[in-house]
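Visitor: I'm passing along coords10.csv; it holds CSV, C-alpha atoms.
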chain,number,residue,atom,x,y,z
A,1451,MET,CA,27.9,32.3,71.1
A,1452,LYS,CA,25.3,35.1,70.8
A,1453,ASP,CA,22.4,34.4,68.4
A,1454,THR,CA,22.5,37.0,65.6
A,1455,SER,CA,19.4,35.7,63.8
A,1456,PRO,CA,16.7,38.3,63.3
A,1457,VAL,CA,13.4,38.0,65.1
A,1458,LEU,CA,11.4,38.3,61.9
A,1459,SER,CA,12.0,37.1,58.4
A,1460,ILE,CA,9.9,38.9,55.8
A,1461,THR,CA,9.7,37.1,52.5
A,1462,MET,CA,8.9,38.7,49.1
A,1463,PRO,CA,8.6,36.8,45.8
A,1464,VAL,CA,9.3,39.0,42.8
A,1465,TYR,CA,8.4,38.6,39.1
A,1466,ASN,CA,8.2,41.5,36.7
A,1467,VAL,CA,6.8,44.1,39.0
A,1468,GLU,CA,9.2,47.0,38.3
A,1469,LYS,CA,6.4,49.6,38.4
A,1470,TYR,CA,5.3,48.8,42.0
A,1471,LEU,CA,8.4,47.2,43.6
A,1472,ARG,CA,10.0,50.2,45.1
A,1473,LYS,CA,6.9,51.1,47.1
A,1474,GLY,CA,6.6,47.6,48.4
A,1475,ILE,CA,10.2,47.4,49.5
A,1476,GLU,CA,10.2,50.9,51.0
A,1477,SER,CA,7.2,50.1,53.1
A,1478,VAL,CA,9.1,47.1,54.7
A,1479,LEU,CA,12.2,49.2,55.3
A,1480,LYS,CA,10.2,51.9,57.1
A,1481,GLN,CA,8.8,49.5,59.7
A,1482,THR,CA,9.0,50.6,63.3
A,1483,PHE,CA,10.0,47.1,64.1
A,1484,ASN,CA,13.4,46.8,62.6
A,1485,ASP,CA,14.9,43.5,63.8
A,1486,PHE,CA,14.1,41.7,60.6
A,1487,GLU,CA,15.6,40.4,57.4
A,1488,LEU,CA,13.9,40.8,54.0
A,1489,ILE,CA,14.4,37.8,51.8
A,1490,ILE,CA,13.6,38.6,48.1
A,1491,ILE,CA,13.3,35.8,45.6
A,1492,ASP,CA,13.6,37.2,42.1
A,1493,ASP,CA,11.8,34.4,40.1
A,1494,GLY,CA,13.4,35.0,36.7
A,1495,SER,CA,12.1,38.5,36.1
A,1496,THR,CA,12.7,39.8,32.6
A,1497,ASP,CA,12.2,43.5,33.4
A,1498,THR,CA,14.3,45.6,35.8
A,1499,SER,CA,12.9,44.0,39.0
A,1500,GLY,CA,16.0,42.0,39.7
A,1501,TYR,CA,18.2,45.1,39.2
A,1502,ILE,CA,16.0,47.1,41.6
A,1503,CYS,CA,16.3,44.4,44.3
A,1504,ASP,CA,20.1,44.3,44.0
A,1505,ARG,CA,20.4,48.1,44.4
A,1506,TYR,CA,18.3,47.9,47.6
A,1507,MET,CA,20.5,45.0,48.9
A,1508,GLU,CA,23.6,47.1,48.4
A,1509,LYS,CA,22.1,49.9,50.6
A,1510,ASP,CA,20.6,47.8,53.4
A,1511,SER,CA,22.3,44.8,55.0
A,1512,ARG,CA,19.0,43.4,56.2
A,1513,ILE,CA,18.1,42.5,52.6
A,1514,ARG,CA,19.0,39.3,50.9
A,1515,VAL,CA,18.3,38.7,47.2
A,1516,VAL,CA,18.2,35.4,45.5
A,1517,HIS,CA,17.9,35.2,41.7
A,1518,GLN,CA,16.5,32.0,40.2
A,1519,VAL,CA,15.2,30.7,36.9
A,1520,ASN,CA,11.4,31.2,36.7
A,1521,GLN,CA,9.7,28.4,38.7
A,1522,GLY,CA,6.5,30.1,39.8
A,1523,LEU,CA,5.1,31.6,43.1
A,1524,VAL,CA,5.0,28.3,45.0
A,1525,SER,CA,8.7,27.6,44.4
A,1526,ALA,CA,9.7,31.2,45.2
A,1527,ARG,CA,7.8,31.2,48.5
A,1528,GLU,CA,9.1,27.9,49.6
A,1529,LYS,CA,12.7,29.0,48.8
A,1530,ALA,CA,12.2,32.1,50.9
A,1531,VAL,CA,10.8,30.0,53.9
A,1532,ASP,CA,13.7,27.6,53.6
A,1533,LEU,CA,16.2,30.5,53.8
A,1534,ALA,CA,14.4,32.3,56.7
A,1535,ARG,CA,16.5,32.6,59.9
A,1536,GLY,CA,13.9,34.4,62.0
A,1537,ARG,CA,11.8,33.1,64.8
A,1538,TYR,CA,8.8,34.4,62.9
A,1539,ILE,CA,8.0,34.6,59.2
A,1540,ALA,CA,5.8,37.0,57.2
A,1541,PHE,CA,4.9,37.4,53.6
A,1542,VAL,CA,4.6,40.6,51.6
A,1543,ASP,CA,3.8,40.7,47.9
A,1544,PRO,CA,6.0,43.2,45.9
A,1545,ASP,CA,3.1,45.1,44.4
A,1546,ASP,CA,1.4,45.6,47.8
A,1547,TRP,CA,2.6,47.7,50.8
A,1548,ILE,CA,2.3,47.8,54.6
A,1549,GLU,CA,1.8,50.6,57.2
A,1550,LYS,CA,4.8,51.3,59.3
A,1551,ASP,CA,3.6,49.8,62.6
A,1552,PHE,CA,2.1,46.7,61.1
A,1553,PHE,CA,4.6,44.1,62.2
A,1554,GLU,CA,5.5,45.8,65.6
A,1555,LYS,CA,1.9,45.6,66.8
A,1556,ILE,CA,1.2,42.1,65.6
A,1557,LEU,CA,4.4,40.7,67.2
A,1558,ASP,CA,3.8,42.6,70.5
A,1559,ASN,CA,0.5,40.9,70.9
A,1560,MET,CA,1.7,37.5,69.7
A,1561,LEU,CA,4.5,37.6,72.3
A,1562,LYS,CA,2.1,38.4,75.1
A,1563,VAL,CA,0.3,35.1,74.8
A,1564,ASP,CA,2.9,33.0,72.8
A,1565,ALA,CA,0.6,32.8,69.8
A,1566,ASP,CA,1.6,30.7,66.8
A,1567,ILE,CA,-0.1,33.0,64.3
A,1568,GLY,CA,-0.9,36.7,64.4
A,1569,ILE,CA,-3.4,38.2,62.0
A,1570,GLY,CA,-3.2,41.9,61.2
A,1571,GLY,CA,-5.9,42.1,58.5
A,1572,TYR,CA,-5.9,44.0,55.2
A,1573,VAL,CA,-7.7,46.6,53.1
A,1574,LEU,CA,-8.4,46.6,49.4
A,1575,ASP,CA,-6.3,49.5,48.1
A,1576,TYR,CA,-7.7,51.2,44.9
A,1577,GLY,CA,-5.1,54.0,44.9
A,1578,GLU,CA,-6.6,57.4,44.4
A,1579,ALA,CA,-10.1,55.9,44.7
A,1580,GLY,CA,-9.4,55.0,48.3
A,1581,VAL,CA,-9.5,51.8,50.3
A,1582,LYS,CA,-12.2,49.3,51.2
A,1583,LYS,CA,-12.4,47.0,54.3
A,1584,ASN,CA,-13.9,43.5,54.2
A,1585,PHE,CA,-13.8,43.2,58.0
A,1586,TYR,CA,-14.5,45.6,60.8
A,1587,ASP,CA,-13.4,44.1,64.1
A,1588,THR,CA,-11.8,46.5,66.6
A,1589,ASP,CA,-10.8,44.3,69.6
A,1590,ILE,CA,-7.9,42.0,69.9
A,1591,GLN,CA,-9.1,38.4,70.0
A,1592,TYR,CA,-7.5,35.0,70.6
A,1593,PHE,CA,-8.6,31.7,69.2
A,1594,SER,CA,-7.8,28.0,69.7
A,1595,ARG,CA,-6.9,25.8,66.8
A,1596,GLU,CA,-10.5,24.8,66.3
A,1597,ASP,CA,-11.9,28.3,66.4
A,1598,GLY,CA,-9.0,29.6,64.3
A,1599,LEU,CA,-9.8,27.0,61.5
A,1600,TYR,CA,-13.5,27.7,61.8
A,1601,ASN,CA,-13.0,31.4,61.2
A,1602,LEU,CA,-10.5,30.7,58.4
A,1603,PHE,CA,-13.4,29.1,56.3
A,1604,SER,CA,-16.3,31.2,57.6
A,1605,PHE,CA,-14.7,34.5,56.3
A,1606,LYS,CA,-16.3,36.3,59.2
A,1607,LYS,CA,-13.2,37.7,60.8
A,1608,TYR,CA,-10.4,37.0,58.3
A,1609,GLN,CA,-9.7,35.0,55.1
A,1610,TRP,CA,-6.9,32.6,54.1
A,1611,GLU,CA,-4.5,35.0,52.5
A,1612,LEU,CA,-0.9,34.4,53.6
A,1613,TRP,CA,0.3,38.0,53.6
A,1614,ASP,CA,-1.8,39.7,56.3
A,1615,LYS,CA,-0.4,37.3,58.9
A,1616,VAL,CA,2.8,36.5,60.9
A,1617,TYR,CA,3.7,32.9,61.7
A,1618,LYS,CA,6.1,31.2,64.0
A,1619,SER,CA,8.8,29.7,61.8
A,1620,ASP,CA,8.4,26.2,63.1
A,1621,ILE,CA,4.7,26.4,62.0
A,1622,LEU,CA,5.7,27.1,58.4
A,1623,LYS,CA,8.9,25.1,58.0
A,1624,GLY,CA,8.2,21.8,56.3
A,1625,ILE,CA,4.9,22.8,54.7
A,1626,THR,CA,4.8,22.0,51.0
A,1627,VAL,CA,2.4,22.9,48.3
A,1628,ASP,CA,1.9,21.1,45.0
A,1629,TYR,CA,3.7,23.1,42.3
A,1630,LYS,CA,0.7,22.5,40.0
A,1631,ILE,CA,-1.2,25.0,42.1
A,1632,THR,CA,-0.6,28.4,40.6
A,1633,CYS,CA,-3.8,29.9,42.0
A,1634,GLY,CA,-5.0,29.0,45.5
A,1635,GLU,CA,-1.6,28.5,47.0
A,1636,ASP,CA,-2.5,30.7,49.9
A,1637,LEU,CA,-5.4,28.5,50.7
A,1638,CYS,CA,-3.3,25.3,50.9
A,1639,ARG,CA,-0.4,26.8,52.8
A,1640,THR,CA,-2.5,28.8,55.3
A,1641,TYR,CA,-4.7,25.8,56.1
A,1642,GLN,CA,-1.7,23.7,56.9
A,1643,ALA,CA,-0.2,26.4,59.1
A,1644,PHE,CA,-3.5,26.9,61.0
A,1645,SER,CA,-3.9,23.1,61.5
A,1646,ARG,CA,-0.4,23.1,63.2
A,1647,ALA,CA,-1.2,26.1,65.4
A,1648,SER,CA,-2.4,26.0,69.1
A,1649,LYS,CA,-3.1,29.7,69.6
A,1650,ILE,CA,-4.1,32.3,67.0
A,1651,CYS,CA,-4.2,36.1,67.7
A,1652,LEU,CA,-6.3,38.6,65.7
A,1653,VAL,CA,-4.9,42.1,65.9
A,1654,PRO,CA,-7.4,44.1,63.7
A,1655,LEU,CA,-5.0,46.8,62.3
A,1656,TYR,CA,-6.0,46.4,58.7
A,1657,GLY,CA,-2.5,47.7,57.8
A,1658,TYR,CA,-1.7,45.5,54.9
A,1659,HIS,CA,-2.7,47.2,51.6
A,1660,TYR,CA,-3.7,44.7,49.0
A,1661,VAL,CA,-3.4,46.8,45.9
A,1662,GLN,CA,-6.1,46.3,43.2
A,1663,ARG,CA,-4.8,46.9,39.7
A,1664,LYS,CA,-6.0,46.0,36.3
A,1665,GLY,CA,-4.7,42.8,34.8
A,1666,SER,CA,-3.8,41.1,38.1
A,1667,MET,CA,-4.6,37.4,38.3
A,1668,THR,CA,-7.3,37.7,40.9
A,1669,LYS,CA,-9.1,40.5,39.0
A,1670,LYS,CA,-8.8,39.0,35.5
A,1671,LYS,CA,-10.1,35.4,35.7
A,1672,SER,CA,-9.1,32.8,33.1
A,1673,MET,CA,-9.8,29.2,32.6
A,1674,GLN,CA,-6.4,28.4,34.1
A,1675,TYR,CA,-7.3,30.4,37.2
A,1676,VAL,CA,-10.6,28.6,37.8
A,1677,ASN,CA,-9.1,25.2,37.0
A,1678,THR,CA,-6.1,25.5,39.4
A,1679,LEU,CA,-8.2,27.0,42.2
A,1680,TYR,CA,-10.6,24.1,41.9
A,1681,TYR,CA,-7.6,21.7,42.0
A,1682,ALA,CA,-6.3,23.5,45.1
A,1683,MET,CA,-9.7,23.1,46.9
A,1684,THR,CA,-9.8,19.4,45.9
A,1685,THR,CA,-6.4,18.7,47.4
A,1686,LEU,CA,-7.6,20.4,50.6
A,1687,ASP,CA,-10.5,17.9,50.9
A,1688,PHE,CA,-8.2,15.2,52.2
A,1689,GLY,CA,-6.9,17.3,55.1
A,1690,VAL,CA,-10.3,18.7,56.2
A,1691,LYS,CA,-11.8,15.1,56.3
A,1692,LYS,CA,-9.7,14.6,59.5
A,1693,GLU,CA,-11.1,17.7,61.2
A,1694,SER,CA,-14.2,18.0,63.5
A,1695,LYS,CA,-17.7,18.0,62.0
A,1696,ASP,CA,-18.0,21.8,62.6
A,1697,ILE,CA,-14.9,22.4,60.5
A,1698,GLN,CA,-16.0,20.0,57.8
A,1699,ASP,CA,-19.4,21.7,57.6
A,1700,ILE,CA,-18.1,25.3,57.4
A,1701,TYR,CA,-15.4,24.2,54.8
A,1702,GLN,CA,-18.1,22.5,52.7
A,1703,LYS,CA,-20.2,25.7,52.7
A,1704,ARG,CA,-17.2,27.7,51.5
A,1705,LYS,CA,-16.5,25.1,48.8
A,1706,PHE,CA,-20.1,25.1,47.6
A,1707,ARG,CA,-20.0,28.9,47.3
A,1708,PHE,CA,-16.7,28.7,45.4
A,1709,LEU,CA,-18.2,26.1,43.0
A,1710,LEU,CA,-21.4,28.2,42.4
A,1711,LEU,CA,-19.3,31.3,41.6
A,1712,ASN,CA,-16.9,29.5,39.3
A,1713,ILE,CA,-19.5,27.5,37.5
A,1714,PHE,CA,-20.9,30.9,36.4
A,1715,ASP,CA,-17.3,32.0,35.4
A,1716,SER,CA,-16.7,28.8,33.4
A,1717,TYR,CA,-20.0,29.2,31.5
A,1718,MET,CA,-19.0,32.8,30.7
A,1719,MET,CA,-15.6,31.5,29.4
A,1720,ASP,CA,-17.4,28.8,27.4
A,1721,ASN,CA,-15.3,26.1,29.1
A,1722,ILE,CA,-17.7,23.1,28.7
A,1723,VAL,CA,-15.4,20.5,30.2
A,1724,LEU,CA,-14.7,22.5,33.3
A,1725,THR,CA,-18.3,23.5,33.7
A,1726,LYS,CA,-19.5,19.9,33.7
A,1727,THR,CA,-16.8,18.9,36.2
A,1728,LEU,CA,-17.8,21.7,38.6
A,1729,GLU,CA,-21.5,20.9,38.2
A,1730,ARG,CA,-21.0,17.2,38.9
A,1731,GLU,CA,-19.1,18.1,42.1
A,1732,LEU,CA,-21.8,20.4,43.3
A,1733,SER,CA,-24.7,18.0,42.4
A,1734,LYS,CA,-23.3,15.5,44.9
A,1735,ASN,CA,-24.5,17.8,47.6
A,1736,TYR,CA,-27.8,19.2,46.2
A,1737,THR,CA,-29.8,19.0,49.4
A,1738,LYS,CA,-27.0,20.6,51.5
A,1739,VAL,CA,-26.7,23.6,49.2
A,1740,ILE,CA,-30.4,24.2,49.1
A,1741,LEU,CA,-30.8,24.0,52.9
A,1742,CYS,CA,-27.7,26.0,53.9
A,1743,ASP,CA,-28.0,29.8,54.7
A,1744,TYR,CA,-26.8,31.2,51.4
A,1745,PRO,CA,-28.3,34.3,49.8
A,1746,LYS,CA,-31.4,33.6,47.7
A,1747,ARG,CA,-29.6,34.5,44.5
A,1748,PHE,CA,-27.2,31.6,45.1
A,1749,LYS,CA,-30.0,29.1,45.6
A,1750,ILE,CA,-31.9,30.4,42.6
A,1751,PHE,CA,-28.8,30.0,40.4
A,1752,TYR,CA,-28.2,26.5,41.7
A,1753,ILE,CA,-31.8,25.5,40.9
A,1754,PHE,CA,-31.2,27.0,37.4
A,1755,LEU,CA,-28.2,24.7,37.1
A,1756,LYS,CA,-30.5,21.7,37.3
A,1757,MET,CA,-32.0,22.6,33.9
A,1758,PRO,CA,-30.8,20.7,30.8
A,1759,PHE,CA,-27.3,21.7,29.7
A,1760,PHE,CA,-28.6,22.9,26.3
A,1761,PHE,CA,-30.8,25.6,27.8
A,1762,LYS,CA,-28.1,26.8,30.2
A,1763,SER,CA,-25.6,27.0,27.4
A,1764,MET,CA,-28.0,29.0,25.3
A,1765,PHE,CA,-28.7,31.4,28.2
A,1766,PHE,CA,-25.0,32.1,28.8
A,1767,CYS,CA,-24.3,32.4,25.1
A,1768,ILE,CA,-26.8,35.2,24.9
A,1769,ILE,CA,-25.2,36.9,28.0
A,1770,ARG,CA,-21.7,36.6,26.4
A,1771,ARG,CA,-22.9,38.2,23.1
A,1772,VAL,CA,-24.6,41.0,25.0
A,1773,LYS,CA,-21.4,41.7,26.9
A,1774,ASP,CA,-19.4,41.7,23.7
A,1775,ILE,CA,-21.8,44.3,22.2
A,1776,ASP,CA,-21.4,46.5,25.2
Here is a file; write its structure as structure tokens.

Guide:
Amino acid sequence: MKDTSPVLSITMPVYNVEKYLRKGIESVLKQTFNDFELIIIDDGSTDTSGYICDRYMEKDSRIRVVHQVNQGLVSAREKAVDLARGRYIAFVDPDDWIEKDFFEKILDNMLKVDADIGIGGYVLDYGEAGVKKNFYDTDIQYFSREDGLYNLFSFKKYQWELWDKVYKSDILKGITVDYKITCGEDLCRTYQAFSRASKICLVPLYGYHYVQRKGSMTKKKSMQYVNTLYYAMTTLDFGVKKESKDIQDIYQKRKFRFLLLNIFDSYMMDNIVLTKTLERELSKNYTKVILCDYPKRFKIFYIFLKMPFFFKSMFFCIIRRVKDID
């Protein structure tokens, strides 16, 4: 019997994004590569998002929509991966959009070398203000598992976002993420996928548009955001301990940088408990932080953190009050 499964399964978790949803779906439907299915998980939307998804499903047989009671992003993505029938799986967030040849060019290059993961890259999209690139590679590159993981944590060629990449389905199937992780889910799922991969392909298209809008979780930090992202990195520690020394070292540098940035955020939010937790974690590696090749401002800030807690709290209290006045 002929296999009628699509080559690519594109997954899209949806929750209350009615203002942006149509553009995201349309960008998928306009892809030059058309042997795909679009699996939309409506995670209990209370606006018209679910209705919009159903109307698109009625018009295009490649779309499947599943409505579920709100369970969060981790659940929605895992549901979509479970339902995926394609040999490859990709992720598109509903408030982002992709250029029309994005998947065609990634898959073409993956197939040439039988790559397990293809990375297309992304731009930060500020709408009328234009776009911004974080990376500027122009040549197609191939990496082993070791080099792929190293680059995942170095942030030199790409980062750990799920959605600017294409994965073989057998790489993703069976990966689970703790449902407590509401921020940093990309980090945990992508690390597990890269750890299973043998060959990774970088196709520097930068055709995924990561739309920057006010009020999004990554732009508007909260105590919950910092807390859960810290929890996500802590769970990753156990896996990375099994990797080579080079991978462990580059991961530690990434984690130290995360801790420094989020200690500042937790001070600004006046979250004393979280602040002390992050500081204790960082203090275990004082020498490594001072000796590693961070910008001077990071090292100065870290030395500042060694001051008595009272003086640090007073300093950040003054900064908060000045910001409130502004």

Visitor: Which is closer to A:Val1616 than all the others in A:Glu1549, A:Thr1588, A:Ile1460, A:Lys1630, using only C-alpha atoms?

Guide: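 Among the listed residues, the smallest separation from A:Val1616 belongs to A:Ile1460.
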
Visitor: Pick the closest to A:Arg1535 from A:Asp1614, A:Leu1488, A:Ile1621, A:Thr1678: which is it, counting all atoms listed in the file?

Guide: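 Looking only at the distances to A:Arg1535, the closest residue turns out to be A:Leu1488.
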
Visitor: If I put a ball of radius 12 Å at (0.0, 26.3, 52.0) in the file's coordinates, which residues poke into it when counting all atoms listed in the file, written as a ChimeraX atom specification?

Guide: /A:1523-1525,1527-1528,1531,1610-1613,1621-1629,1631-1646,1682-1683,1685-1686,1689

Visitor: Would you kindly identify which residues have an atom no farther than 8 Å from (7.1, 32.0, 62.6), using all atoms listed in the file and the file's own coordinates, and write them out as a ChimeraX atom specification?

Guide: /A:1458,1536-1540,1566-1567,1616-1622

Visitor: Suppose you want the space between atom CA of A:Ile1700 and atom CA of A:Phe1603; what is it in Å?

Guide: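 Atom-to-atom, atom CA of A:Ile1700 to atom CA of A:Phe1603, that is 6.1 Å.
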
Visitor: Would you list the contacts of stretch 1569-1576 of chain A as an MDAnalysis selection string, taking every protein, DNA or RNA residue within 10 Å and counting only C-alpha atoms, but skipping same-chain residues closer than 6 positions in sequence?

Guide: chainID A and resid 1546:1548 1552:1553 1555:1557 1560 1582:1587 1590:1591 1607:1609 1611:1617 1650:1663

Visitor: Could you check the closest approach to A:Glu1468 for each of A:Gly1494, A:Pro1456, A:Pro1544, A:Gly1580 and tell me which residue wins, using only C-alpha atoms?

Guide: A:Pro1544

Visitor: If you measure from atom CA of A:Thr1496 to atom CA of A:Glu1476, what distance in Å do you get, rounded to one decimal?

Guide: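 Answer for the atom CA of A:Thr1496 to atom CA of A:Glu1476 separation: 21.6 Å.
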
Visitor: Using only C-alpha atoms, which residues sit within 9 Å of A:Gln1518 once same-chain residues fewer than 2 positions away are excluded, as a count of residues only?

Guide: 9

Visitor: Using atom CA of A:Tyr1680 and atom CA of A:Leu1711 as the two end points, give the distance in Å to one decimal.

Guide: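 If I compute the distance from atom CA of A:Tyr1680 to atom CA of A:Leu1711, I get 11.3 Å.
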